[in-house]
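Next up, work17.cif (mmCIF, C-alpha atoms):
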data_final
#
loop_
_atom_site.label_atom_id
_atom_site.label_comp_id
_atom_site.auth_asym_id
_atom_site.auth_seq_id
_atom_site.Cartn_x
_atom_site.Cartn_y
_atom_site.Cartn_z
CA MET T 1113 11.55 114.22 -138.65
CA LYS T 1114 12.37 117.60 -137.13
CA LYS T 1115 15.53 117.82 -139.19
CA ILE T 1116 13.71 117.04 -142.38
CA ASN T 1117 11.07 119.67 -141.63
CA HIS T 1118 13.75 122.23 -140.87
CA ILE T 1119 15.51 121.60 -144.17
CA VAL T 1120 12.31 121.92 -146.16
CA LYS T 1121 11.40 125.18 -144.48
CA LYS T 1122 14.85 126.58 -145.10
CA ARG T 1123 14.74 125.74 -148.79
CA VAL T 1124 11.35 127.38 -149.20
CA TYR T 1125 12.50 130.45 -147.36
CA HIS T 1126 15.50 130.84 -149.66
CA PHE T 1127 13.53 130.22 -152.87
CA GLY T 1128 14.70 132.86 -155.43
CA TRP T 1129 12.38 135.82 -155.92
CA TYR T 1130 12.25 135.29 -159.69
CA LYS T 1131 11.19 131.70 -159.11
CA TRP T 1132 8.46 132.90 -156.74
CA LEU T 1133 7.28 135.31 -159.43
CA SER T 1134 7.22 132.72 -162.20
CA SER T 1135 5.48 130.22 -159.92
CA GLY T 1136 2.88 132.82 -159.01
CA LEU T 1137 2.22 133.62 -162.65
CA LEU T 1138 1.89 129.92 -163.41
CA VAL T 1139 -0.66 129.50 -160.60
CA LEU T 1140 -2.65 132.50 -161.88
CA LEU T 1141 -2.62 131.08 -165.39
CA LEU T 1142 -3.84 127.70 -164.16
CA LEU T 1143 -6.59 129.37 -162.12
CA CYS T 1144 -7.73 131.38 -165.15
CA LEU T 1145 -7.84 128.27 -167.26
CA PHE T 1146 -9.69 126.42 -164.53
CA PHE T 1147 -12.37 129.07 -164.12
CA LYS T 1148 -12.71 129.49 -167.88
CA CYS T 1149 -13.30 125.77 -168.27
CA CYS T 1150 -15.79 125.72 -165.40
CA THR T 1151 -17.65 128.74 -166.77
CA ASN T 1152 -18.00 127.27 -170.25
CA GLU T 1153 -18.61 123.68 -169.31
CA ARG T 1154 -22.36 123.85 -169.86
CA GLN T 1155 -22.20 125.93 -172.99
CA MET T 1156 -19.28 124.78 -175.08
CA PRO T 1157 -19.97 121.83 -177.37
CA ASN T 1158 -17.73 118.86 -176.60
CA GLN T 1159 -15.79 118.84 -179.85
CA SER T 1160 -12.28 119.50 -180.98
CA VAL T 1161 -12.71 121.77 -183.97
CA ARG T 1162 -15.60 124.02 -184.99
CA VAL T 1163 -17.68 123.51 -188.14
CA HIS T 1164 -15.58 124.36 -191.17
CA SER T 1165 -16.51 127.33 -193.36
CA ILE T 1166 -18.31 126.50 -196.61
CA ASP T 1167 -17.10 127.26 -200.12
CA THR T 1168 -20.42 128.04 -201.80
CA THR T 1169 -18.90 127.45 -205.25
CA LYS T 1170 -18.63 123.78 -204.28
CA ILE T 1171 -22.38 123.35 -203.65
CA LYS T 1172 -23.69 121.22 -206.50
CA ARG T 1173 -26.52 118.92 -207.38
CA ILE T 1174 -25.32 115.37 -206.86
CA LYS T 1175 -25.40 113.18 -209.95
CA ASN T 1176 -27.48 110.01 -209.71
CA ASP T 1177 -29.26 111.20 -206.56
CA PRO T 1178 -32.92 110.24 -207.17
CA LEU T 1179 -34.14 113.45 -205.53
CA GLY T 1180 -31.62 115.77 -207.13
CA ARG T 1181 -30.27 116.89 -203.75
CA TYR T 1182 -27.46 119.37 -203.23
CA ALA T 1183 -24.24 118.89 -201.27
CA VAL T 1184 -20.91 120.60 -200.66
CA ASN T 1185 -19.18 118.50 -203.27
CA ASP T 1186 -15.61 118.51 -201.95
CA LEU T 1187 -16.52 117.31 -198.43
CA ILE T 1188 -17.25 113.88 -196.99
CA ASN T 1189 -18.37 113.01 -193.46
CA ILE T 1190 -17.25 109.81 -191.77
CA TYR T 1191 -18.83 108.48 -188.57
CA LEU T 1192 -16.62 106.05 -186.72
CA LYS T 1193 -17.41 103.20 -184.39
CA GLU T 1194 -17.16 103.90 -180.67
CA ASN T 1195 -13.85 102.11 -180.07
CA THR T 1196 -12.05 103.77 -183.00
CA ASP T 1197 -9.29 106.28 -182.28
CA ILE T 1198 -9.72 109.30 -184.57
CA ASP T 1199 -6.00 110.14 -184.84
CA GLU T 1200 -5.07 106.57 -185.73
CA PHE T 1201 -7.91 106.37 -188.24
CA VAL T 1202 -6.83 109.59 -189.99
CA SER T 1203 -3.22 108.42 -190.22
CA ASP T 1204 -4.18 105.00 -191.59
CA PHE T 1205 -6.73 106.47 -194.01
CA GLN T 1206 -4.24 108.93 -195.48
CA LYS T 1207 -1.69 106.13 -195.89
CA LYS T 1208 -4.23 104.14 -197.92
CA LEU T 1209 -4.51 107.04 -200.35
CA PRO T 1210 -0.96 108.43 -200.66
CA ASN T 1211 -1.67 110.13 -203.98
CA ASP T 1212 -4.72 112.01 -202.72
CA THR T 1213 -4.78 115.24 -200.74
CA ILE T 1214 -7.10 114.49 -197.83
CA VAL T 1215 -7.45 117.36 -195.37
CA VAL T 1216 -9.17 117.15 -192.00
CA ASN T 1217 -11.63 120.05 -191.85
CA TYR T 1218 -13.49 119.17 -188.70
CA TYR T 1219 -13.87 116.48 -186.09
CA ALA T 1220 -15.93 115.82 -182.97
CA GLU T 1221 -14.18 113.36 -180.68
CA ALA T 1222 -17.18 112.88 -178.39
CA TYR T 1223 -19.37 111.70 -181.28
CA LYS T 1224 -16.68 110.04 -183.43
CA ARG T 1225 -17.39 112.29 -186.38
CA ILE T 1226 -14.82 113.54 -188.87
CA GLN T 1227 -14.98 115.59 -192.07
CA PHE T 1228 -12.46 115.49 -194.91
CA SER T 1229 -11.89 117.87 -197.77
CA VAL T 1230 -11.10 115.89 -200.93
CA ASN T 1231 -10.77 116.26 -204.67
CA GLU T 1232 -14.30 116.40 -206.13
CA LYS T 1233 -13.37 114.07 -208.98
CA ARG T 1234 -12.09 111.47 -206.51
CA LYS T 1235 -14.80 111.84 -203.89
CA GLU T 1236 -16.84 108.74 -204.70
CA PHE T 1237 -13.73 106.59 -204.89
CA ILE T 1238 -12.53 107.90 -201.52
CA LYS T 1239 -15.97 107.34 -199.97
CA ASN T 1240 -15.90 103.73 -201.14
CA ILE T 1241 -12.46 103.21 -199.60
CA ALA T 1242 -13.82 104.50 -196.29
CA LYS T 1243 -16.93 102.32 -196.47
CA ALA T 1244 -14.77 99.26 -197.01
CA ASP T 1245 -13.18 99.73 -193.57
CA THR T 1246 -16.06 98.07 -191.73
CA SER T 1247 -14.01 97.51 -188.57
CA ALA T 1248 -13.69 101.27 -187.94
CA VAL T 1249 -16.34 103.05 -190.02
CA LYS T 1250 -20.04 103.17 -189.26
CA PHE T 1251 -21.38 105.67 -191.84
CA VAL T 1252 -20.05 107.71 -194.76
CA THR T 1253 -22.16 110.58 -196.13
CA ASN T 1254 -21.98 113.72 -198.17
CA GLU T 1255 -22.15 117.15 -196.56
CA TRP T 1256 -25.78 117.64 -197.57
CA VAL T 1257 -27.30 121.10 -197.80
CA PHE T 1258 -30.68 121.65 -196.15
CA LYS T 1259 -33.37 124.25 -196.74
CA LYS T 1260 -35.75 126.12 -194.46
CA GLN T 1261 -39.37 125.07 -194.76
CA GLN T 1262 -41.29 128.35 -195.03
CA ASN T 1263 -43.31 129.10 -198.18
CA THR T 1264 -42.91 132.49 -198.21
CA SER T 1265 -52.85 143.10 -173.17
CA ASP T 1266 -50.89 142.15 -176.81
CA PRO T 1267 -52.56 144.16 -179.59
CA GLY T 1268 -52.11 141.41 -182.20
CA PHE T 1269 -54.74 139.35 -180.40
CA ASN T 1270 -57.36 141.85 -181.57
CA SER T 1271 -57.13 140.35 -185.06
CA VAL T 1272 -58.72 136.98 -185.75
CA LYS T 1273 -56.34 136.53 -188.69
CA ASN T 1274 -53.37 136.74 -186.34
CA THR T 1275 -54.67 134.21 -183.84
CA TRP T 1276 -56.86 131.73 -185.69
CA PHE T 1277 -54.49 128.85 -185.06
CA TYR T 1278 -54.48 129.42 -181.26
CA LYS T 1279 -58.18 128.68 -181.07
CA LYS T 1280 -57.95 125.93 -183.67
CA ILE T 1281 -55.59 123.82 -181.54
CA GLY T 1282 -56.91 124.78 -178.09
CA VAL T 1283 -54.06 127.04 -176.93
CA PHE T 1284 -56.33 129.51 -175.12
CA ASP T 1285 -57.93 126.67 -173.13
CA ALA T 1286 -54.53 125.10 -172.40
CA TRP T 1287 -53.32 128.42 -170.98
CA GLN T 1288 -55.87 128.01 -168.20
CA LYS T 1289 -53.66 125.13 -167.02
CA THR T 1290 -50.18 126.37 -167.97
CA LYS T 1291 -48.41 128.90 -170.15
CA GLY T 1292 -45.17 126.98 -169.83
CA ASP T 1293 -42.35 126.54 -167.37
CA PRO T 1294 -38.98 128.35 -167.71
CA ASN T 1295 -37.29 125.09 -166.71
CA ILE T 1296 -38.58 123.53 -169.95
CA LYS T 1297 -36.02 124.70 -172.51
CA ILE T 1298 -36.88 124.42 -176.19
CA ALA T 1299 -33.89 124.54 -178.55
CA VAL T 1300 -34.55 126.16 -181.92
CA LEU T 1301 -32.06 125.11 -184.60
CA ASP T 1302 -32.32 127.60 -187.44
CA ASP T 1303 -30.68 130.17 -189.70
CA GLY T 1304 -30.33 132.99 -187.16
CA PHE T 1305 -32.15 135.07 -184.56
CA ASP T 1306 -32.83 138.69 -183.70
CA LEU T 1307 -32.58 138.36 -179.93
CA LYS T 1308 -33.09 142.09 -179.46
CA HIS T 1309 -36.66 141.76 -180.73
CA ILE T 1310 -39.18 143.03 -178.19
CA GLU T 1311 -40.92 139.65 -178.19
CA LEU T 1312 -37.72 137.59 -177.71
CA LYS T 1313 -35.30 139.63 -175.59
CA ASN T 1314 -36.50 138.08 -172.31
CA SER T 1315 -37.24 134.60 -173.60
CA TYR T 1316 -33.92 132.90 -174.34
CA VAL T 1317 -30.91 131.29 -172.66
CA THR T 1318 -27.44 130.10 -173.83
CA PRO T 1319 -27.48 131.12 -177.53
CA TRP T 1320 -24.86 129.53 -179.79
CA ASN T 1321 -23.54 129.92 -183.34
CA VAL T 1322 -22.00 126.65 -184.53
CA PHE T 1323 -20.06 128.32 -187.36
CA ASP T 1324 -18.64 131.23 -185.35
CA TYR T 1325 -18.19 128.92 -182.35
CA SER T 1326 -19.52 131.67 -180.11
CA ASN T 1327 -22.75 133.07 -178.69
CA ASN T 1328 -22.89 135.60 -181.55
CA VAL T 1329 -26.22 134.84 -183.21
CA TYR T 1330 -27.74 137.31 -185.63
CA ALA T 1331 -30.45 137.79 -188.24
CA ARG T 1332 -30.76 139.60 -191.57
CA PRO T 1333 -34.18 140.93 -192.63
CA GLU T 1334 -33.88 139.81 -196.25
CA THR T 1335 -32.04 136.51 -195.98
CA GLN T 1336 -31.93 135.20 -192.40
CA PHE T 1337 -35.34 135.92 -190.89
CA HIS T 1338 -36.63 132.36 -190.64
CA GLY T 1339 -35.30 131.54 -187.17
CA THR T 1340 -36.71 134.74 -185.67
CA HIS T 1341 -40.19 133.84 -186.97
CA VAL T 1342 -39.94 130.27 -185.67
CA ALA T 1343 -38.70 131.42 -182.25
CA GLY T 1344 -41.59 133.88 -181.87
CA ILE T 1345 -44.15 131.17 -182.58
CA ILE T 1346 -42.83 129.28 -179.55
CA VAL T 1347 -42.00 131.92 -176.93
CA ALA T 1348 -42.97 135.45 -177.99
CA GLU T 1349 -43.54 137.31 -174.71
CA ALA T 1350 -47.09 137.62 -173.40
CA ASN T 1351 -48.66 140.76 -171.96
CA ASN T 1352 -45.95 143.15 -173.17
CA ASN T 1353 -48.25 145.39 -175.22
CA PHE T 1354 -46.68 144.27 -178.48
CA GLY T 1355 -47.55 141.71 -181.15
CA ILE T 1356 -49.07 138.51 -179.83
CA ALA T 1357 -47.61 135.71 -177.67
CA GLY T 1358 -45.90 132.43 -178.36
CA VAL T 1359 -47.63 129.11 -177.84
CA ALA T 1360 -45.55 128.52 -174.68
CA PRO T 1361 -44.62 132.07 -173.62
CA GLU T 1362 -43.24 131.09 -170.21
CA CYS T 1363 -40.87 128.43 -171.52
CA LYS T 1364 -37.37 129.44 -172.67
CA ILE T 1365 -35.71 128.85 -176.00
CA ILE T 1366 -32.08 127.95 -176.68
CA PRO T 1367 -31.40 129.72 -180.01
CA VAL T 1368 -28.82 127.75 -182.01
CA GLN T 1369 -27.69 129.30 -185.28
CA ILE T 1370 -26.80 126.45 -187.63
CA SER T 1371 -26.34 128.48 -190.81
CA ASN T 1372 -23.31 130.42 -191.99
CA GLU T 1373 -23.40 134.06 -193.05
CA SER T 1374 -24.97 133.03 -196.38
CA GLY T 1375 -27.79 131.13 -194.67
CA ILE T 1376 -26.43 127.70 -195.64
CA ILE T 1377 -27.22 124.76 -193.34
CA THR T 1378 -25.34 121.46 -193.68
CA THR T 1379 -25.28 118.00 -192.14
CA SER T 1380 -22.44 118.90 -189.79
CA SER T 1381 -23.94 122.17 -188.59
CA LEU T 1382 -27.27 120.47 -187.91
CA LEU T 1383 -25.63 117.67 -185.93
CA ASP T 1384 -23.56 120.12 -183.91
CA GLY T 1385 -26.73 122.08 -183.15
CA ILE T 1386 -28.47 118.95 -181.86
CA PHE T 1387 -25.60 117.99 -179.57
CA TYR T 1388 -25.21 121.55 -178.29
CA ALA T 1389 -28.91 121.56 -177.40
CA LEU T 1390 -28.52 118.29 -175.49
CA LYS T 1391 -25.51 119.57 -173.56
CA ASN T 1392 -27.54 122.57 -172.47
CA ASP T 1393 -30.45 120.48 -171.17
CA ALA T 1394 -32.99 121.13 -173.90
CA LYS T 1395 -36.17 119.11 -173.39
CA VAL T 1396 -37.50 119.88 -176.88
CA ILE T 1397 -35.54 120.52 -180.10
CA ASN T 1398 -37.32 122.15 -183.03
CA ILE T 1399 -35.91 121.55 -186.52
CA SER T 1400 -37.83 123.50 -189.17
CA ILE T 1401 -35.66 122.36 -192.05
CA ALA T 1402 -35.63 119.51 -194.56
CA MET T 1403 -33.47 118.20 -197.36
CA SER T 1404 -32.95 120.38 -200.39
CA ILE T 1405 -34.34 118.48 -203.37
CA GLY T 1406 -34.37 119.25 -207.06
CA PRO T 1407 -37.57 120.32 -208.86
CA GLN T 1408 -37.93 116.97 -210.62
CA ALA T 1409 -38.62 115.25 -207.29
CA ARG T 1410 -41.91 117.11 -206.88
CA ASN T 1411 -43.18 115.49 -210.07
CA LEU T 1412 -42.41 111.93 -209.02
CA SER T 1413 -45.38 109.58 -208.93
CA LEU T 1414 -46.48 108.18 -205.59
CA HIS T 1415 -45.18 104.79 -206.76
CA ASP T 1416 -41.73 106.22 -207.44
CA GLN T 1417 -41.71 108.06 -204.12
CA LYS T 1418 -42.42 104.81 -202.29
CA LEU T 1419 -39.61 103.08 -204.20
CA ILE T 1420 -37.22 105.79 -203.00
CA GLU T 1421 -38.51 105.36 -199.46
CA LYS T 1422 -37.95 101.61 -199.63
CA PHE T 1423 -34.66 101.33 -201.50
CA SER T 1424 -32.73 104.61 -201.17
CA PHE T 1425 -30.64 106.41 -198.53
CA HIS T 1426 -30.53 103.53 -196.03
CA GLU T 1427 -27.16 104.58 -194.63
CA GLU T 1428 -28.41 108.12 -193.98
CA GLN T 1429 -31.58 106.67 -192.48
CA GLU T 1430 -29.50 104.61 -190.02
CA LEU T 1431 -27.37 107.64 -189.16
CA TRP T 1432 -30.36 109.83 -188.29
CA ASP T 1433 -32.09 107.04 -186.39
CA GLU T 1434 -28.99 106.61 -184.26
CA VAL T 1435 -28.76 110.35 -183.59
CA PHE T 1436 -32.43 110.50 -182.63
CA GLU T 1437 -31.95 107.51 -180.33
CA ILE T 1438 -29.21 109.45 -178.52
CA VAL T 1439 -31.63 112.37 -178.17
CA GLN T 1440 -34.27 110.10 -176.64
CA LYS T 1441 -31.75 108.63 -174.19
CA GLU T 1442 -30.96 112.19 -173.10
CA ASN T 1443 -34.68 112.59 -172.31
CA ALA T 1444 -35.31 115.11 -175.08
CA ILE T 1445 -37.79 115.23 -177.95
CA ILE T 1446 -37.13 116.35 -181.52
CA VAL T 1447 -39.96 118.03 -183.42
CA GLN T 1448 -39.28 118.47 -187.13
CA ALA T 1449 -41.06 119.93 -190.13
CA ALA T 1450 -42.28 117.35 -192.63
CA GLY T 1451 -41.29 119.42 -195.68
CA ASN T 1452 -42.94 121.62 -198.28
CA ASP T 1453 -42.58 119.65 -201.50
CA GLY T 1454 -45.97 117.92 -201.47
CA VAL T 1455 -44.35 114.46 -201.49
CA ILE T 1456 -44.43 111.68 -198.90
CA ALA T 1457 -42.24 112.84 -196.04
CA SER T 1458 -40.33 109.57 -195.83
CA VAL T 1459 -38.48 110.14 -199.10
CA ASP T 1460 -36.27 112.21 -196.76
CA PRO T 1461 -34.15 109.75 -194.71
CA MET T 1462 -34.26 112.14 -191.75
CA LYS T 1463 -38.04 111.69 -191.63
CA ARG T 1464 -38.08 107.89 -191.36
CA SER T 1465 -37.36 107.50 -187.66
CA GLU T 1466 -40.11 106.76 -185.15
CA LYS T 1467 -38.11 108.62 -182.49
CA THR T 1468 -39.20 112.15 -183.48
CA ILE T 1469 -42.44 114.06 -184.01
CA ILE T 1470 -42.85 114.91 -187.70
CA VAL T 1471 -45.27 117.73 -188.40
CA GLY T 1472 -47.36 118.40 -191.50
CA ALA T 1473 -49.28 121.61 -192.16
CA THR T 1474 -53.00 122.38 -192.41
CA ASN T 1475 -54.94 125.48 -193.43
CA GLU T 1476 -57.84 127.29 -191.73
CA ASN T 1477 -60.31 124.74 -193.15
CA ASP T 1478 -58.54 121.81 -191.48
CA GLU T 1479 -57.30 120.62 -194.87
CA ARG T 1480 -53.74 119.53 -195.52
CA ALA T 1481 -51.94 122.55 -196.95
CA TYR T 1482 -51.20 122.06 -200.65
CA PHE T 1483 -47.44 122.31 -200.06
CA SER T 1484 -47.22 120.01 -197.02
CA ASP T 1485 -45.43 116.69 -197.23
CA LYS T 1486 -47.64 113.81 -196.18
CA GLY T 1487 -47.83 110.07 -195.66
CA ASP T 1488 -47.54 107.61 -192.80
CA ALA T 1489 -44.31 109.18 -191.51
CA VAL T 1490 -46.18 112.35 -190.48
CA ASN T 1491 -47.17 112.03 -186.82
CA VAL T 1492 -49.36 115.08 -186.49
CA TYR T 1493 -50.69 118.06 -188.45
CA ALA T 1494 -50.79 121.65 -187.21
CA PRO T 1495 -51.74 125.01 -188.73
CA GLY T 1496 -49.12 126.18 -191.21
CA THR T 1497 -50.68 128.92 -193.35
CA ASP T 1498 -50.81 132.65 -192.56
CA ILE T 1499 -48.96 132.22 -189.27
CA TYR T 1500 -48.28 135.57 -187.61
CA SER T 1501 -45.00 135.91 -185.74
CA THR T 1502 -41.80 137.84 -185.21
CA LEU T 1503 -39.37 139.07 -187.87
CA PRO T 1504 -36.07 140.96 -187.46
CA ASN T 1505 -36.02 144.62 -186.39
CA ASN T 1506 -39.17 144.37 -184.23
CA GLN T 1507 -41.36 143.48 -187.19
CA MET T 1508 -44.34 141.08 -187.25
CA ASP T 1509 -45.73 139.32 -190.30
CA TYR T 1510 -47.13 136.14 -191.83
CA LEU T 1511 -45.34 133.08 -193.21
CA ASP T 1512 -46.58 129.74 -194.54
CA GLY T 1513 -44.93 126.35 -194.24
CA THR T 1514 -44.38 123.22 -192.23
CA SER T 1515 -41.63 125.39 -190.70
CA MET T 1516 -44.43 127.26 -188.95
CA ALA T 1517 -46.43 124.15 -188.05
CA SER T 1518 -43.41 122.51 -186.40
CA PRO T 1519 -42.76 125.22 -183.75
CA ILE T 1520 -46.48 125.31 -182.97
CA VAL T 1521 -46.17 121.64 -182.05
CA ALA T 1522 -42.83 122.22 -180.27
CA GLY T 1523 -44.49 124.91 -178.15
CA CYS T 1524 -47.38 122.58 -177.38
CA VAL T 1525 -44.92 119.86 -176.35
CA GLY T 1526 -43.47 122.47 -174.01
CA LEU T 1527 -46.92 123.07 -172.52
CA VAL T 1528 -47.53 119.35 -172.05
CA LEU T 1529 -44.14 118.87 -170.36
CA SER T 1530 -44.75 121.94 -168.20
CA ALA T 1531 -47.97 120.34 -166.94
CA HIS T 1532 -46.56 116.79 -166.82
CA PRO T 1533 -42.74 116.90 -166.52
CA ASP T 1534 -42.45 113.18 -165.80
CA LEU T 1535 -43.64 112.10 -169.24
CA SER T 1536 -40.96 110.26 -171.23
CA PRO T 1537 -40.09 111.17 -174.84
CA LYS T 1538 -41.77 107.97 -176.05
CA GLU T 1539 -44.95 108.86 -174.17
CA VAL T 1540 -44.99 112.39 -175.59
CA ILE T 1541 -44.41 111.16 -179.15
CA ALA T 1542 -47.24 108.66 -178.74
CA LEU T 1543 -49.48 111.41 -177.34
CA PHE T 1544 -48.90 113.66 -180.35
CA SER T 1545 -48.97 110.98 -183.03
CA LYS T 1546 -52.02 111.20 -185.23
CA GLN T 1547 -54.99 109.06 -184.25
CA ASN T 1548 -56.63 108.98 -187.67
CA ASP T 1549 -55.95 109.70 -191.36
CA GLN T 1550 -58.06 112.83 -191.65
CA ASN T 1551 -55.10 115.24 -191.53
CA ILE T 1552 -56.92 117.31 -188.91
CA PRO T 1553 -54.88 119.25 -186.36
CA PHE T 1554 -54.66 118.17 -182.73
CA ASN T 1555 -55.98 119.99 -179.66
CA VAL T 1556 -53.28 120.67 -177.05
CA ASN T 1557 -55.79 121.21 -174.25
CA ASP T 1558 -57.16 117.72 -174.88
CA LEU T 1559 -53.62 116.28 -174.91
CA ILE T 1560 -52.83 117.85 -171.55
CA SER T 1561 -56.06 116.44 -170.14
CA LYS T 1562 -55.41 112.98 -171.62
CA SER T 1563 -52.00 112.80 -169.99
CA LEU T 1564 -53.37 113.50 -166.51
#

Whole structure, structure tokens version:
Amino acid sequence: MKKINHIVKKRVYHFGWYKWLSSGLLVLLLLCLFFKCCTNERQMPNQSVRVHSIDTTKIKRIKNDPLGRYAVNDLINIYLKENTDIDEFVSDFQKKLPNDTIVVNYYAEAYKRIQFSVNEKRKEFIKNIAKADTSAVKFVTNEWVFKKQQNTSDPGFNSVKNTWFYKKIGVFDAWQKTKGDPNIKIAVLDDGFDLKHIELKNSYVTPWNVFDYSNNVYARPETQFHGTHVAGIIVAEANNNFGIAGVAPECKIIPVQISNESGIITTSSLLDGIFYALKNDAKVINISIAMSIGPQARNLSLHDQKLIEKFSFHEEQELWDEVFEIVQKENAIIVQAAGNDGVIASVDPMKRSEKTIIVGATNENDERAYFSDKGDAVNVYAPGTDIYSTLPNNQMDYLDGTSMASPIVAGCVGLVLSAHPDLSPKEVIALFSKQNDQNIPFNVNDLISKSL
């Protein structure tokens, strides 16, 4: 044993200086990579490639879609079964279609999701080939395009017009119990955010841009102001001598920019936003967007709307229900805007799940707002007209829409969870679900008291 130890020591002692140098550099490199991975573990989405950029010239209304929806027409999304290997699937799929150019744009290994760029004229044929592979493929969908749901000592509290909805839903009374808890993080998935705004600069954590694949989120006053307004409704800072305050001013938001530089939001960017929020421990996820439908859909009779609800978009419905089930299992709650087309909300397959809170809008007279989507799928109604909140460049102004009603509810969910953190997502959804058909808004102070 002594001889062996002696030989080892001698060899180490005579190790060439250049080898010592290269070994040292290798160790430093490994340490850098290690610390980088540890630092980003909570923030980086678990995926292999970021969301692909969008060619806006490819956004088209899809023929034969009963709602006249828009999609990026040269892209298809395929969701694989859990035991399917993505690399093997891609190789086999391309072999099935040797005469087609099928390019992988994007994939998320953790969620078995892959996006292909294909020839527009061959897209439906290629989708059908994918659907036929039932052993590996779960869902096949278009890259749908979504739209934002706005209709076009804090001094703002001095104006009744600015604060009518606070009193309407019992926020002032609820604040006697809680103004929120910074451990309750509310993810806001939207077009962009002005995080330098006086009302928001102290109210956020872990921002993310799914297109830039970085924490570089931004807003533009003319085109990307929606997310800033939504964020302020939830967490605008209280007692800072500016504007008003959010519904849950002591909670924190996770701002997730799911639009590209043109303000376009797609299926993939929305899904990536949801999973990023989960990985960063969001308890509530606000989605103030809905499908982008053509103008003819607003003129459909109630009978035709119910036919669409019953017979159309079942595959998309199953996809969203599965995603929302994952969210529930992660102990989080999705709150989403019902939509502003005045139709039954469930024509949108994303609004058919019982695993989210779907929010319609009311006006100051407790009437359903004329633009608000409606029907049995809507869990709860909240004020959605003349809602005063933050806009880029330290501005404040009014917007209408279920986009405004949804963050009011998301903030109230934050208040309820701050007072009662042990409530499960199912219990919270049941608590907020409407108790009657009068379309009247809820009272958050009553909900907090009921859950005691």

* For CA of Val1525 in chain T and CA of Gly1487 in chain T, quote the distance in Å rounded to one decimal. => 21.8 Å

Write out as a Markdown table a residue-level contact list of range 1327-1387 of chain T versus range 1182-1199 of chain T with cut-off 10 Å: for each qualifying residue the closest pair of atoms and the distance in Å to one decimal, counting all atoms listed in the file, rows sorted by chain and residue number upward.
| residue | atom | partner | partner_atom | distance |
| --- | --- | --- | --- | --- |
| T:Thr1378 | CA | T:Ala1183 | CA | 8.1 |
| T:Thr1379 | CA | T:Asn1189 | CA | 8.6 |
| T:Ser1380 | CA | T:Asn1189 | CA | 8.0 |

* **Target residues per the PyMOL selection byres ((chain T and resi 1509) around 12), formatted as a list in words** =>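 Applying the expression gives Thr1264, Gly1268, Lys1273, Asn1274, Pro1333, Phe1337, His1338, Thr1340, His1341, Val1342, Gly1344, Ile1345, Gly1355, Ile1356, Thr1497, Asp1498, Ile1499, Tyr1500, Ser1501, Thr1502, Leu1503, Pro1504, Asn1505, Asn1506, Gln1507, Met1508, Tyr1510, Leu1511 and Asp1512 of chain T.
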
* Within 8 Å of range 1386-1401 of chain T, counting only C-alpha atoms, which residues show up once you throw out same-chain ones fewer than 5 positions away? Write them as a ChimeraX atom specification, please. => /T:1154-1157,1258-1261,1296-1302,1318,1342,1366,1368,1439,1442-1449,1451,1514-1516,1518-1519,1522,1525-1526

* Non-local contacts of Asp1453 in chain T (12 Å; all atoms listed in the file; under 5 positions in same chain excluded) as an NGL selection string -> :T and (1179 or 1259-1263 or 1402-1412 or 1417 or 1458-1460 or 1472-1473 or 1481-1486 or 1513-1514)

* Nearest candidate to Val1252 in chain T (options T:Asn1491, T:Gln1429, T:Thr1290, T:Ser1465; using all atoms listed in the file) ->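 That would be T:Gln1429, the residue with the smallest distance to Val1252 in chain T.
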
Test item: the PyMOL selection byres ((chain T and resi 1493) around 7) resolved as a PDB file with C-alpha atoms, in the coordinates of the input:
ATOM      1  CA  VAL T1471     -45.270 117.730-188.400  1.00  0.00           C
ATOM      2  CA  GLY T1472     -47.360 118.400-191.500  1.00  0.00           C
ATOM      3  CA  ALA T1473     -49.280 121.610-192.160  1.00  0.00           C
ATOM      4  CA  THR T1474     -53.000 122.380-192.410  1.00  0.00           C
ATOM      5  CA  VAL T1492     -49.360 115.080-186.490  1.00  0.00           C
ATOM      6  CA  ALA T1494     -50.790 121.650-187.210  1.00  0.00           C
ATOM      7  CA  ASN T1551     -55.100 115.240-191.530  1.00  0.00           C
ATOM      8  CA  ILE T1552     -56.920 117.310-188.910  1.00  0.00           C
ATOM      9  CA  PRO T1553     -54.880 119.250-186.360  1.00  0.00           C
ATOM     10  CA  PHE T1554     -54.660 118.170-182.730  1.00  0.00           C
TER      11      PHE T1554
END

* Determine, counting all atoms listed in the file, which protein, DNA and RNA residues have an atom within 9 Å of an atom of Ala1542 in chain T; residues of the same chain fewer than 4 positions away are not included. Present the result as a PyMOL selection string. => chain T and resi 1469+1491+1537-1538+1546

Would you write out those residues with C-alpha atoms, as a CSV table (one decimal), keeping the file's coordinate frame?
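selection.csv written:
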chain,number,residue,atom,x,y,z
T,1469,ILE,CA,-42.4,114.1,-184.0
T,1491,ASN,CA,-47.2,112.0,-186.8
T,1537,PRO,CA,-40.1,111.2,-174.8
T,1538,LYS,CA,-41.8,108.0,-176.0
T,1546,LYS,CA,-52.0,111.2,-185.2

* Asked: What residues come out when you apply the PyMOL selection byres ((chain T and resi 1226-1241) around 10) to this file, written as JSON, numbers by chain?
  -> {"T": [1161, 1163, 1164, 1170, 1184, 1185, 1186, 1187, 1188, 1189, 1190, 1191, 1192, 1198, 1201, 1202, 1205, 1208, 1209, 1212, 1213, 1214, 1215, 1216, 1217, 1218, 1219, 1220, 1221, 1223, 1224, 1225, 1242, 1243, 1244, 1245, 1251, 1252, 1253, 1254, 1255, 1380]}

* **Long-range neighbours of Pro1319 in chain T as a count of residues only, 8 Å cut-off, only C-alpha atoms, 2 positions minimum in chain** => 10
